[in-house]
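Participant: Contents of start_4.csv (CSV, C-alpha atoms) are given next:
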```
chain,number,residue,atom,x,y,z
N,9,MET,CA,-8.2,-3.0,-2.9
N,10,SER,CA,-6.2,-6.1,-2.8
N,11,ASN,CA,-4.1,-8.1,-5.3
N,12,VAL,CA,-6.8,-9.9,-7.2
N,13,GLU,CA,-4.6,-10.6,-10.3
N,14,THR,CA,-5.5,-13.9,-11.8
N,15,GLU,CA,-1.9,-14.8,-12.6
N,16,PRO,CA,0.2,-13.2,-9.8
N,17,VAL,CA,3.9,-13.6,-9.5
N,18,GLU,CA,6.2,-13.2,-6.5
N,19,VAL,CA,7.9,-10.1,-7.8
N,20,ARG,CA,7.1,-7.7,-10.7
N,21,CYS,CA,9.6,-5.8,-12.7
N,22,GLY,CA,9.7,-2.0,-12.9
N,23,THR,CA,12.1,0.8,-13.9
N,24,ALA,CA,14.4,2.6,-11.6
N,25,VAL,CA,16.2,5.8,-12.6
N,26,ASP,CA,18.8,7.4,-10.4
N,27,GLY,CA,18.0,11.0,-9.7
N,28,GLU,CA,20.6,13.7,-10.1
N,29,PRO,CA,20.7,15.2,-6.6
N,30,GLN,CA,22.2,18.6,-5.9
N,31,ALA,CA,25.3,18.7,-3.8
N,32,GLY,CA,24.5,18.1,-0.1
N,33,THR,CA,21.0,16.8,-0.7
N,34,ALA,CA,19.5,13.3,-0.3
N,35,ARG,CA,20.0,10.6,-2.9
N,36,VAL,CA,16.7,10.0,-4.7
N,37,ASP,CA,15.8,7.2,-7.1
N,38,VAL,CA,12.7,7.6,-9.3
N,39,LEU,CA,10.5,4.5,-9.5
N,40,THR,CA,7.9,4.3,-12.2
N,41,PRO,CA,4.7,2.2,-11.9
N,42,ARG,CA,3.3,-0.5,-14.1
N,43,ASP,CA,-0.4,-0.8,-15.0
N,44,VAL,CA,-2.1,-3.9,-13.4
N,45,PRO,CA,-5.5,-5.0,-14.5
N,46,LEU,CA,-7.3,-6.5,-11.5
N,47,GLY,CA,-9.9,-9.3,-11.9
N,48,GLY,CA,-13.2,-9.9,-10.2
N,49,PRO,CA,-16.7,-8.9,-11.2
N,50,ARG,CA,-15.6,-5.3,-11.8
N,51,ALA,CA,-12.2,-5.0,-13.3
N,52,MET,CA,-10.0,-2.0,-12.4
N,53,THR,CA,-6.6,-1.0,-13.6
N,54,VAL,CA,-4.2,0.2,-10.9
N,55,ARG,CA,-0.7,1.7,-11.0
N,56,ARG,CA,1.7,-0.5,-9.0
N,57,THR,CA,4.9,1.0,-7.8
N,58,LEU,CA,5.8,-1.7,-5.2
N,59,PRO,CA,7.1,-4.3,-5.4
N,60,GLN,CA,9.4,-4.2,-8.4
N,61,ARG,CA,12.8,-5.6,-9.2
N,62,ALA,CA,14.5,-2.3,-8.4
N,63,ARG,CA,12.9,-2.2,-4.9
N,64,THR,CA,10.9,-4.7,-3.0
N,65,LEU,CA,10.3,-2.6,0.1
N,66,ILE,CA,10.5,0.9,1.6
N,67,GLY,CA,10.8,0.2,5.3
N,68,ALA,CA,8.2,-2.5,5.8
N,69,TRP,CA,6.0,-1.0,3.1
N,70,CYS,CA,5.9,-3.8,0.5
N,71,PHE,CA,3.0,-3.0,-1.8
N,72,ALA,CA,1.7,0.2,-3.3
N,73,ASP,CA,-1.3,0.5,-5.7
N,74,HIS,CA,-2.4,3.9,-6.8
N,75,TYR,CA,-5.8,4.1,-8.6
N,76,GLY,CA,-8.2,6.7,-10.1
N,77,PRO,CA,-9.6,9.1,-10.5
N,78,ASP,CA,-12.1,6.4,-11.7
N,79,ASP,CA,-15.6,7.4,-12.9
N,80,VAL,CA,-17.6,4.6,-11.4
N,81,GLY,CA,-20.5,5.5,-13.7
N,82,GLU,CA,-18.4,4.2,-16.6
N,83,THR,CA,-16.3,1.5,-14.9
N,84,GLY,CA,-18.7,0.1,-12.3
N,85,GLY,CA,-16.3,0.9,-9.5
N,86,MET,CA,-14.9,-1.6,-7.1
N,87,ASP,CA,-16.3,-5.0,-6.1
N,88,VAL,CA,-13.7,-7.3,-4.6
N,89,ALA,CA,-15.2,-10.5,-3.2
N,90,PRO,CA,-14.0,-12.0,0.1
N,91,HIS,CA,-10.3,-13.0,-0.2
N,92,PRO,CA,-7.5,-13.9,2.3
N,93,HIS,CA,-4.4,-12.3,3.7
N,94,THR,CA,-1.5,-13.6,5.7
N,95,GLY,CA,1.7,-12.0,7.1
N,96,LEU,CA,0.7,-8.4,6.5
N,97,GLN,CA,-1.3,-5.3,7.3
N,98,THR,CA,-3.5,-3.5,4.7
N,99,VAL,CA,-3.6,0.3,4.7
N,100,SER,CA,-6.5,1.9,2.8
N,101,TRP,CA,-6.4,5.6,2.1
N,102,LEU,CA,-8.8,7.4,-0.2
N,103,PHE,CA,-8.7,10.8,-1.9
N,104,SER,CA,-12.3,10.5,-3.1
N,105,GLY,CA,-15.2,8.0,-3.0
N,106,GLU,CA,-16.2,5.5,-0.4
N,107,ILE,CA,-15.6,1.8,0.1
N,108,GLU,CA,-17.5,-0.6,2.3
N,109,HIS,CA,-15.2,-3.0,4.2
N,110,ARG,CA,-16.3,-6.3,5.8
N,111,ASP,CA,-13.9,-8.8,7.4
N,112,SER,CA,-13.8,-12.1,9.2
N,113,LEU,CA,-13.1,-10.4,12.5
N,114,GLY,CA,-16.6,-9.0,12.2
N,115,SER,CA,-15.6,-5.5,11.3
N,116,HIS,CA,-18.0,-3.6,9.1
N,117,ALA,CA,-16.6,-0.2,8.3
N,118,PHE,CA,-16.4,2.5,5.5
N,119,VAL,CA,-13.2,3.8,4.0
N,120,ARG,CA,-13.6,7.5,3.4
N,121,PRO,CA,-11.2,10.3,2.3
N,122,GLY,CA,-8.8,11.4,5.0
N,123,GLU,CA,-9.6,8.3,7.2
N,124,LEU,CA,-7.3,5.4,7.9
N,125,ASN,CA,-8.5,1.8,7.8
N,126,LEU,CA,-5.8,-0.6,8.9
N,127,MET,CA,-6.4,-4.3,8.9
N,128,THR,CA,-3.9,-6.8,10.3
N,129,GLY,CA,-3.9,-10.2,8.6
N,130,GLY,CA,-1.2,-11.9,10.6
N,131,TYR,CA,-1.9,-15.7,10.7
N,132,GLY,CA,-5.0,-15.2,8.5
N,133,ILE,CA,-7.9,-12.9,7.8
N,134,ALA,CA,-10.4,-12.5,5.0
N,135,HIS,CA,-12.3,-9.3,3.8
N,136,SER,CA,-14.3,-7.8,1.0
N,137,GLU,CA,-14.2,-4.3,-0.5
N,138,VAL,CA,-17.1,-2.7,-2.4
N,139,SER,CA,-17.4,0.9,-3.5
N,140,THR,CA,-20.7,2.3,-2.3
N,141,PRO,CA,-23.6,3.7,-4.3
N,142,ARG,CA,-22.7,7.2,-3.0
N,143,THR,CA,-19.4,7.0,-4.9
N,144,THR,CA,-19.1,8.9,-8.1
N,145,VAL,CA,-15.3,9.1,-8.4
N,146,LEU,CA,-13.0,6.5,-6.8
N,147,HIS,CA,-9.4,7.7,-6.2
N,148,GLY,CA,-6.8,6.6,-3.6
N,149,VAL,CA,-4.0,4.2,-2.6
N,150,GLN,CA,-3.9,0.7,-1.3
N,151,LEU,CA,-0.8,-0.1,0.7
N,152,TRP,CA,0.6,-3.2,2.4
N,153,VAL,CA,3.0,-3.5,5.3
N,154,ALA,CA,5.0,-6.7,5.8
N,155,LEU,CA,4.9,-8.1,9.3
N,156,PRO,CA,8.3,-9.0,10.8
N,157,GLU,CA,9.0,-12.7,11.5
N,158,ALA,CA,8.3,-12.3,15.2
N,159,HIS,CA,4.8,-11.0,14.5
N,160,ARG,CA,3.7,-12.4,11.2
N,161,ASP,CA,1.4,-14.9,12.7
N,162,THR,CA,-0.2,-12.3,15.0
N,163,ALA,CA,-4.0,-12.3,15.6
N,164,ARG,CA,-6.4,-10.5,13.3
N,165,ASP,CA,-7.0,-6.8,14.1
N,166,PHE,CA,-8.8,-3.8,12.6
N,167,ARG,CA,-8.2,-0.1,13.4
N,168,HIS,CA,-9.9,3.1,12.2
N,169,HIS,CA,-8.3,6.5,12.7
N,170,VAL,CA,-9.1,10.0,11.4
N,171,PRO,CA,-6.0,12.2,11.6
N,172,GLU,CA,-6.3,15.9,12.3
N,173,PRO,CA,-4.7,18.0,9.5
N,174,VAL,CA,-1.6,20.0,10.3
N,175,THR,CA,-0.7,23.1,8.3
N,176,THR,CA,3.0,24.1,7.9
N,177,GLY,CA,4.9,26.0,5.2
N,178,GLY,CA,2.2,25.9,2.6
N,179,ALA,CA,1.5,22.2,3.2
N,180,GLU,CA,-1.5,20.5,4.8
N,181,ILE,CA,-0.4,17.1,6.3
N,182,ARG,CA,-2.5,14.2,7.6
N,183,VAL,CA,-0.3,11.7,9.4
N,184,PHE,CA,-2.0,8.3,9.4
N,185,LEU,CA,0.9,6.2,10.8
N,186,GLY,CA,4.0,7.3,12.7
N,187,SER,CA,4.8,11.0,13.3
N,188,LEU,CA,5.6,14.0,11.2
N,189,ALA,CA,5.4,17.8,11.6
N,190,GLY,CA,4.4,17.5,15.2
N,191,SER,CA,1.5,15.1,14.5
N,192,VAL,CA,1.5,11.6,15.9
N,193,SER,CA,-0.8,8.8,14.9
N,194,PRO,CA,-2.0,6.6,17.8
N,195,VAL,CA,-2.3,3.5,15.6
N,196,PRO,CA,0.4,1.0,16.7
N,197,THR,CA,2.7,-0.7,14.2
N,198,PHE,CA,5.0,-3.7,14.4
N,199,THR,CA,8.0,-1.9,12.9
N,200,PRO,CA,8.8,1.9,12.9
N,201,LEU,CA,6.7,3.4,10.1
N,202,LEU,CA,5.6,6.7,8.6
N,203,GLY,CA,2.5,7.3,6.4
N,204,ALA,CA,1.2,10.7,5.6
N,205,GLU,CA,-0.8,12.6,2.9
N,206,ILE,CA,0.8,15.9,2.0
N,207,VAL,CA,-1.1,18.6,0.0
N,208,LEU,CA,1.0,21.5,-1.2
N,209,ARG,CA,-0.4,24.9,-2.3
N,210,PRO,CA,0.7,26.1,-5.8
N,211,ARG,CA,4.4,26.9,-5.8
N,212,ALA,CA,4.7,26.2,-2.1
N,213,SER,CA,7.7,24.6,-0.5
N,214,VAL,CA,8.1,22.8,2.9
N,215,THR,CA,11.0,21.3,4.7
N,216,LEU,CA,10.1,18.4,7.0
N,217,ALA,CA,12.2,16.9,9.7
N,218,VAL,CA,12.4,13.1,9.3
N,219,ASP,CA,14.1,10.2,11.1
N,220,PRO,CA,17.6,9.8,9.4
N,221,GLY,CA,17.4,6.1,10.1
N,222,PHE,CA,14.3,5.8,7.8
N,223,GLU,CA,14.2,5.3,4.1
N,224,HIS,CA,11.4,7.2,2.5
N,225,GLY,CA,9.2,7.1,-0.6
N,226,LEU,CA,7.1,10.0,-2.0
N,227,LEU,CA,4.3,8.9,-4.3
N,228,ILE,CA,3.0,11.7,-6.4
N,229,ASP,CA,-0.8,11.8,-7.0
N,230,GLU,CA,-1.3,15.3,-8.5
N,231,GLY,CA,1.0,18.1,-9.5
N,232,THR,CA,4.8,18.1,-10.1
N,233,VAL,CA,6.9,18.0,-6.9
N,234,ARG,CA,10.6,18.5,-6.5
N,235,LEU,CA,12.0,16.3,-3.8
N,236,ALA,CA,15.5,17.0,-2.6
N,237,GLY,CA,16.2,18.5,-6.0
N,238,VAL,CA,14.7,15.7,-8.1
N,239,LEU,CA,11.6,16.4,-10.1
N,240,LEU,CA,8.7,13.9,-9.6
N,241,ARG,CA,5.7,13.7,-11.8
N,242,PRO,CA,2.2,12.2,-11.2
N,243,THR,CA,2.3,8.4,-10.6
N,244,GLU,CA,6.1,8.4,-9.9
N,245,LEU,CA,7.6,7.5,-6.6
N,246,GLY,CA,10.8,9.1,-5.3
N,247,TYR,CA,12.8,6.8,-3.1
N,248,VAL,CA,15.1,8.4,-0.6
N,249,HIS,CA,17.9,6.4,0.9
N,250,PRO,CA,18.5,6.6,4.7
N,251,GLY,CA,20.6,9.4,6.0
N,252,PRO,CA,19.0,12.8,5.7
N,253,GLY,CA,17.3,14.4,8.7
N,254,ALA,CA,15.1,16.6,6.6
N,255,LEU,CA,13.2,16.5,3.3
N,256,THR,CA,12.3,19.5,1.2
N,257,LEU,CA,9.3,19.3,-1.0
N,258,THR,CA,8.5,22.0,-3.6
N,259,ASN,CA,5.3,22.2,-5.7
N,260,GLU,CA,6.5,23.2,-9.1
N,261,SER,CA,2.9,23.4,-10.3
N,262,ASP,CA,0.4,26.3,-10.6
N,263,THR,CA,-2.2,24.0,-9.1
N,264,THR,CA,-2.4,22.1,-5.8
N,265,ALA,CA,-0.1,19.1,-5.6
N,266,ARG,CA,-0.8,16.0,-3.5
N,267,ALA,CA,1.5,13.2,-2.5
N,268,VAL,CA,1.8,10.3,0.0
N,269,LEU,CA,5.0,10.0,2.0
N,270,LEU,CA,5.9,6.6,3.2
N,271,GLY,CA,8.9,5.7,5.5
N,272,GLY,CA,10.4,3.2,7.8
N,273,THR,CA,13.5,1.6,9.1
N,274,PRO,CA,15.0,-0.7,6.4
N,275,PHE,CA,13.3,-4.2,6.5
N,276,GLU,CA,16.2,-6.6,6.5
N,277,GLU,CA,14.1,-9.8,6.1
N,278,GLU,CA,13.5,-11.5,2.8
N,279,ILE,CA,9.9,-12.2,2.0
N,280,VAL,CA,7.7,-14.0,-0.5
N,281,VAL,CA,4.8,-12.0,-1.9
N,282,TRP,CA,2.3,-14.1,-3.9
N,283,TRP,CA,-1.3,-13.2,-4.5
N,284,ASN,CA,-2.6,-11.9,-1.1
N,285,PHE,CA,-0.1,-13.9,1.0
N,286,ILE,CA,3.2,-12.8,2.5
N,287,GLY,CA,5.5,-15.6,3.8
N,288,ARG,CA,9.1,-16.5,4.1
N,289,SER,CA,9.2,-19.6,1.8
N,290,HIS,CA,7.4,-21.3,-1.0
N,291,GLU,CA,6.0,-23.7,1.5
N,292,ASP,CA,4.4,-20.9,3.4
N,293,ILE,CA,2.5,-19.9,0.3
N,294,VAL,CA,1.5,-23.4,-0.6
N,295,LYS,CA,0.1,-23.9,2.9
N,296,ALA,CA,-1.8,-20.6,2.9
N,297,ARG,CA,-3.4,-21.3,-0.5
N,298,GLU,CA,-4.4,-24.8,0.5
N,299,ASP,CA,-6.0,-23.5,3.7
N,300,TRP,CA,-8.0,-20.9,1.8
N,301,GLN,CA,-9.1,-23.4,-0.9
N,302,ASN,CA,-10.2,-25.8,1.8
N,303,SER,CA,-12.2,-23.1,3.7
N,304,SER,CA,-10.0,-23.5,6.8
N,305,ASP,CA,-10.9,-21.7,10.0
N,306,ARG,CA,-7.5,-20.0,9.6
N,307,PHE,CA,-9.2,-17.2,7.6
N,308,GLY,CA,-12.7,-17.2,9.1
N,309,ALA,CA,-15.8,-16.1,7.1
N,310,VAL,CA,-16.9,-12.7,5.8
N,311,GLU,CA,-20.6,-12.1,6.6
N,312,GLY,CA,-22.8,-9.8,4.6
N,313,TYR,CA,-21.2,-10.0,1.2
N,314,PRO,CA,-23.7,-10.9,-1.5
N,315,GLY,CA,-21.7,-13.4,-3.5
N,316,ASP,CA,-19.1,-16.1,-3.5
N,317,ARG,CA,-15.5,-15.6,-2.3
N,318,LEU,CA,-12.5,-15.4,-4.6
N,319,PRO,CA,-10.8,-18.7,-5.5
N,320,ALA,CA,-7.0,-18.7,-5.2
N,321,PRO,CA,-5.1,-18.6,-8.5
N,322,VAL,CA,-3.0,-21.5,-9.7
N,323,LEU,CA,0.5,-21.7,-8.2
N,324,PRO,CA,3.4,-21.3,-10.7
N,325,ASN,CA,5.3,-24.3,-11.9
N,326,ALA,CA,8.4,-23.2,-10.0
N,327,THR,CA,9.6,-22.6,-6.5
N,328,ILE,CA,8.8,-19.1,-5.4
N,329,LYS,CA,11.9,-17.6,-4.0
N,330,PRO,CA,12.2,-15.1,-1.1
N,331,ARG,CA,13.2,-11.6,-2.1
N,332,GLY,CA,14.7,-8.6,-0.4
N,333,ASN,CA,15.9,-5.2,-1.6
N,334,PRO,CA,19.0,-5.0,-3.8
N,335,PRO,CA,22.3,-4.6,-2.0
N,336,ARG,CA,22.8,-1.0,-0.9
N,337,GLY,CA,25.1,0.9,-3.1
```
Would you mind writing the structure in this file as structure tokens?
Facilitator:
Amino acid sequence: MSNVETEPVEVRCGTAVDGEPQAGTARVDVLTPRDVPLGGPRAMTVRRTLPQRARTLIGAWCFADHYGPDDVGETGGMDVAPHPHTGLQTVSWLFSGEIEHRDSLGSHAFVRPGELNLMTGGYGIAHSEVSTPRTTVLHGVQLWVALPEAHRDTARDFRHHVPEPVTTGGAEIRVFLGSLAGSVSPVPTFTPLLGAEIVLRPRASVTLAVDPGFEHGLLIDEGTVRLAGVLLRPTELGYVHPGPGALTLTNESDTTARAVLLGGTPFEEEIVVWWNFIGRSHEDIVKAREDWQNSSDRFGAVEGYPGDRLPAPVLPNATIKPRGNPPRG
């Protein structure tokens, strides 16, 4: 699902707590999410870990919403009308449920557990997302990747990939972007990235070789996981600074633990994130909003959605400033 807040801002605040790493282990910061009620015909509340004041990006990952388990019999599920995107890629990954995707490229696909749907907005795209009647419990993550300046106006694109699970050291891993544990995703990216679901058996531990030039984030869905000596609880994200060539994950629970590991080379560009647009300046956002409101060909049309498209929120009465990560300490 996308950012359909009715009053979005360019950066949201969160809480960062420095972990207490053991000697010789990676430095880990613990980022906690905030609850965000989404608008639209069916409102959902998601847990947003990125962006926040403590950290805007992890690699090029610039947006992370974690939602569910959501009983759609009680909540009505997801119904996000056609809306625009610029300057980014959306990464949809489900743990349970099913979402119907339609976009202005003409793609008509279904997001299912263990299957990657990656949509490139670039210069402009529009899409809709609706949970299907077969869905009883909706549960997953919605992630955004910022496109670098050289590629942020790239053409629309849509990719679907079903990664084969890899088992190692008590962990089952599905790599949807990049490479990990000998598994390589064929889906191309515009910056070096890693995205993987990791399921750990009760009390299992696994050490994974990683790129020391990457920074990483481990988002906990279920269970309690110790990352490089720092304990992470459900909904928390452990941020690992660049440097280590391996990460050790230990399930401290008597039940299965599940997490999503994100990584990438530090993204040095400052960006503006407002509503569903990513730009480099206030003027970029103003132009994108104007094009959407005027039904510009920039975004195209989504066919097959039974309803109107989402109008853009009102811009703030202030200049939206580009943001990057805090200076490295």
Participant: Need to verify the contact set: Arg56 in chain N, 9 Å, all atoms listed in the file, exclusion of same-chain residues closer than 2 positions in sequence. Can you return it as a list in words?
Facilitator: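 Selected residues are Thr40, Pro41, Arg42, Asp43, Val44, Val54, Leu58, Pro59, Gln60, Phe71, Ala72, Asp73, His74 and Tyr75 of chain N.
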Participant: Using only C-alpha atoms, determine which residues lie at most 6 Å from range 87-101 of chain N, disregarding the query and same-chain residues fewer than 5 positions distant; provide the list as a PyMOL selection string.
Facilitator: chain N and resi 50+124-138+148-155+160+284-286+317-318
Participant: May I ask which of the residues N:Thr83, N:Thr273, N:Ser261, N:Thr327 is the closest one to Glu291 in chain N, counting all atoms listed in the file?
Facilitator: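 Between N:Thr83, N:Thr273, N:Ser261, N:Thr327, the residue approaching Glu291 in chain N most closely is N:Thr327.
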Participant: From the list N:Ala68, N:Ala163, N:Ile279, N:Ile206, which residue is nearest Val183 in chain N when using all atoms listed in the file?
Facilitator: N:Ile206
Participant: My list of candidates is N:Asp305, N:Asp262, N:Glu278, N:Glu223. Which is closest to His249 in chain N when distances are computed with all atoms listed in the file?
Facilitator: N:Glu223
Participant: Which of these, N:Gly76, N:Arg167, N:Ala320, N:Ala265, has the shortest distance to Leu113 in chain N once you count all atoms listed in the file?
Facilitator: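 For Leu113 in chain N, the nearest of the given residues is N:Arg167.
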Participant: Which of these, N:Leu257, N:Met86, N:Val195, N:Ala236, has the shortest distance to Thr176 in chain N once you count only C-alpha atoms?
Facilitator: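 Under the stated criterion, the closest residue is N:Leu257.
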Participant: Out of N:Thr53, N:Ser112, N:Thr263, N:Thr144, which residue has the shortest atom-to-atom distance to Arg306 in chain N when counting only C-alpha atoms?
Facilitator: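 The closest residue to Arg306 in chain N is N:Ser112.
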Participant: Within 10 Å of Pro173 in chain N, counting all atoms listed in the file, which residues show up once you throw out same-chain ones fewer than 4 positions away? Write them as a compact mmCIF listing (two decimals) with C-alpha atoms, in the frame of the given file, please.
Facilitator:
```txt
# COMPACT_ATOMS: atom_id res chain seq x y z
CA GLY N 122 -8.80 11.40 5.00
CA ALA N 179 1.50 22.20 3.20
CA GLU N 180 -1.50 20.50 4.80
CA ILE N 181 -0.40 17.10 6.30
CA ARG N 182 -2.50 14.20 7.60
CA VAL N 183 -0.30 11.70 9.40
CA SER N 191 1.50 15.10 14.50
CA GLU N 205 -0.80 12.60 2.90
CA ILE N 206 0.80 15.90 2.00
```
Participant: Which protein, DNA or RNA residues have an atom at most 6 Å from (-16.7, -8.5, 6.3), counting all atoms listed in the file? List them as number ranges by chain.
Facilitator: N: 110-112, 114-116, 135-136, 310-311
Participant: Go ahead and save the picked residues with C-alpha atoms, as an mmCIF file, in the coordinates of the input.
Facilitator:
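File written: selection07.cif
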```cif
data_model
loop_
_atom_site.group_PDB
_atom_site.id
_atom_site.type_symbol
_atom_site.label_atom_id
_atom_site.label_comp_id
_atom_site.auth_asym_id
_atom_site.auth_seq_id
_atom_site.Cartn_x
_atom_site.Cartn_y
_atom_site.Cartn_z
ATOM 1 C CA ARG N 110 -16.300 -6.300 5.800
ATOM 2 C CA ASP N 111 -13.900 -8.800 7.400
ATOM 3 C CA SER N 112 -13.800 -12.100 9.200
ATOM 4 C CA GLY N 114 -16.600 -9.000 12.200
ATOM 5 C CA SER N 115 -15.600 -5.500 11.300
ATOM 6 C CA HIS N 116 -18.000 -3.600 9.100
ATOM 7 C CA HIS N 135 -12.300 -9.300 3.800
ATOM 8 C CA SER N 136 -14.300 -7.800 1.000
ATOM 9 C CA VAL N 310 -16.900 -12.700 5.800
ATOM 10 C CA GLU N 311 -20.600 -12.100 6.600
#
```
Participant: Please write as a list in words the list of polymer residues whose atoms come within 10 Å of (-0.5, 13.5, -16.4), counting only C-alpha atoms and keeping to the coordinates of the file.
Facilitator: Asp229, Glu230, Gly231, Thr232, Arg241, Pro242 and Thr243 of chain N
Participant: Just the selected residues (C-alpha atoms), exported as a PDB file, keeping the file's coordinate frame, please.
Facilitator:
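Saved the output as part_15.pdb:
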```
ATOM      1  CA  ASP N 229      -0.800  11.800  -7.000  1.00  0.00           C
ATOM      2  CA  GLU N 230      -1.300  15.300  -8.500  1.00  0.00           C
ATOM      3  CA  GLY N 231       1.000  18.100  -9.500  1.00  0.00           C
ATOM      4  CA  THR N 232       4.800  18.100 -10.100  1.00  0.00           C
ATOM      5  CA  ARG N 241       5.700  13.700 -11.800  1.00  0.00           C
ATOM      6  CA  PRO N 242       2.200  12.200 -11.200  1.00  0.00           C
ATOM      7  CA  THR N 243       2.300   8.400 -10.600  1.00  0.00           C
TER       8      THR N 243
END
```
Participant: Would you mind reading off the distance between CA of Gln301 in chain N and CA of Trp282 in chain N, one decimal, in Å?
Facilitator: 15.0 Å
Participant: Work out how far apart CA of Glu123 in chain N and CA of His147 in chain N are and give it in Å to one decimal.
Facilitator: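 According to the coordinates, CA of Glu123 in chain N and CA of His147 in chain N are separated by 13.4 Å.
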Participant: One number please: CA of Leu185 in chain N to CA of Gly203 in chain N, in Å, one decimal.
Facilitator: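 These atoms are spaced 4.8 Å apart.
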Participant: Write out as number ranges by chain each polymer residue whose atoms come within 9 Å of Glu157 in chain N, counting only C-alpha atoms; drop sequence neighbours fewer than 5 positions from it.
Facilitator: N: 95, 277, 287-288
Participant: Could you name the residues that touch Ala326 in chain N at 12 Å or less, counting all atoms listed in the file, but leaving out those on the same chain fewer than 2 positions away, as a PyMOL selection string?
Facilitator: chain N and resi 17-18+290-291+294+322-324+328-329
Participant: When you get a chance, write out N, CA and C atoms for range 83-96 of chain N, as a short mmCIF file (atom, residue, chain, number, x, y, z; two decimals), in the coordinates of the input.
Facilitator:
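Writing done, so here's out_35.cif:
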```
data_model
loop_
_atom_site.label_atom_id
_atom_site.label_comp_id
_atom_site.auth_asym_id
_atom_site.auth_seq_id
_atom_site.Cartn_x
_atom_site.Cartn_y
_atom_site.Cartn_z
N THR N 83 -17.07 2.75 -15.17
CA THR N 83 -16.30 1.50 -14.90
C THR N 83 -17.06 0.53 -14.02
N GLY N 84 -18.04 1.01 -13.27
CA GLY N 84 -18.70 0.10 -12.30
C GLY N 84 -18.11 0.15 -10.94
N GLY N 85 -16.95 0.80 -10.78
CA GLY N 85 -16.30 0.90 -9.50
C GLY N 85 -15.65 -0.34 -9.00
N MET N 86 -15.59 -0.52 -7.69
CA MET N 86 -14.90 -1.60 -7.10
C MET N 86 -15.82 -2.64 -6.49
N ASP N 87 -15.56 -3.91 -6.76
CA ASP N 87 -16.30 -5.00 -6.10
C ASP N 87 -15.34 -6.18 -5.99
N VAL N 88 -14.66 -6.25 -4.84
CA VAL N 88 -13.70 -7.30 -4.60
C VAL N 88 -14.30 -8.25 -3.56
N ALA N 89 -14.60 -9.47 -4.00
CA ALA N 89 -15.20 -10.50 -3.20
C ALA N 89 -14.30 -10.90 -2.03
N PRO N 90 -14.82 -11.59 -1.01
CA PRO N 90 -14.00 -12.00 0.10
C PRO N 90 -12.73 -12.78 -0.38
N HIS N 91 -11.59 -12.39 0.17
CA HIS N 91 -10.30 -13.00 -0.20
C HIS N 91 -9.40 -12.95 1.04
N PRO N 92 -8.35 -13.76 1.06
CA PRO N 92 -7.50 -13.90 2.30
C PRO N 92 -6.30 -13.05 2.28
N HIS N 93 -5.71 -12.92 3.49
CA HIS N 93 -4.40 -12.30 3.70
C HIS N 93 -3.64 -13.02 4.76
N THR N 94 -2.33 -13.08 4.62
CA THR N 94 -1.50 -13.60 5.70
C THR N 94 -0.21 -12.71 5.75
N GLY N 95 0.37 -12.56 6.95
CA GLY N 95 1.70 -12.00 7.10
C GLY N 95 1.81 -10.49 6.83
N LEU N 96 0.68 -9.76 6.85
CA LEU N 96 0.70 -8.40 6.50
C LEU N 96 -0.36 -7.54 7.13
#
```
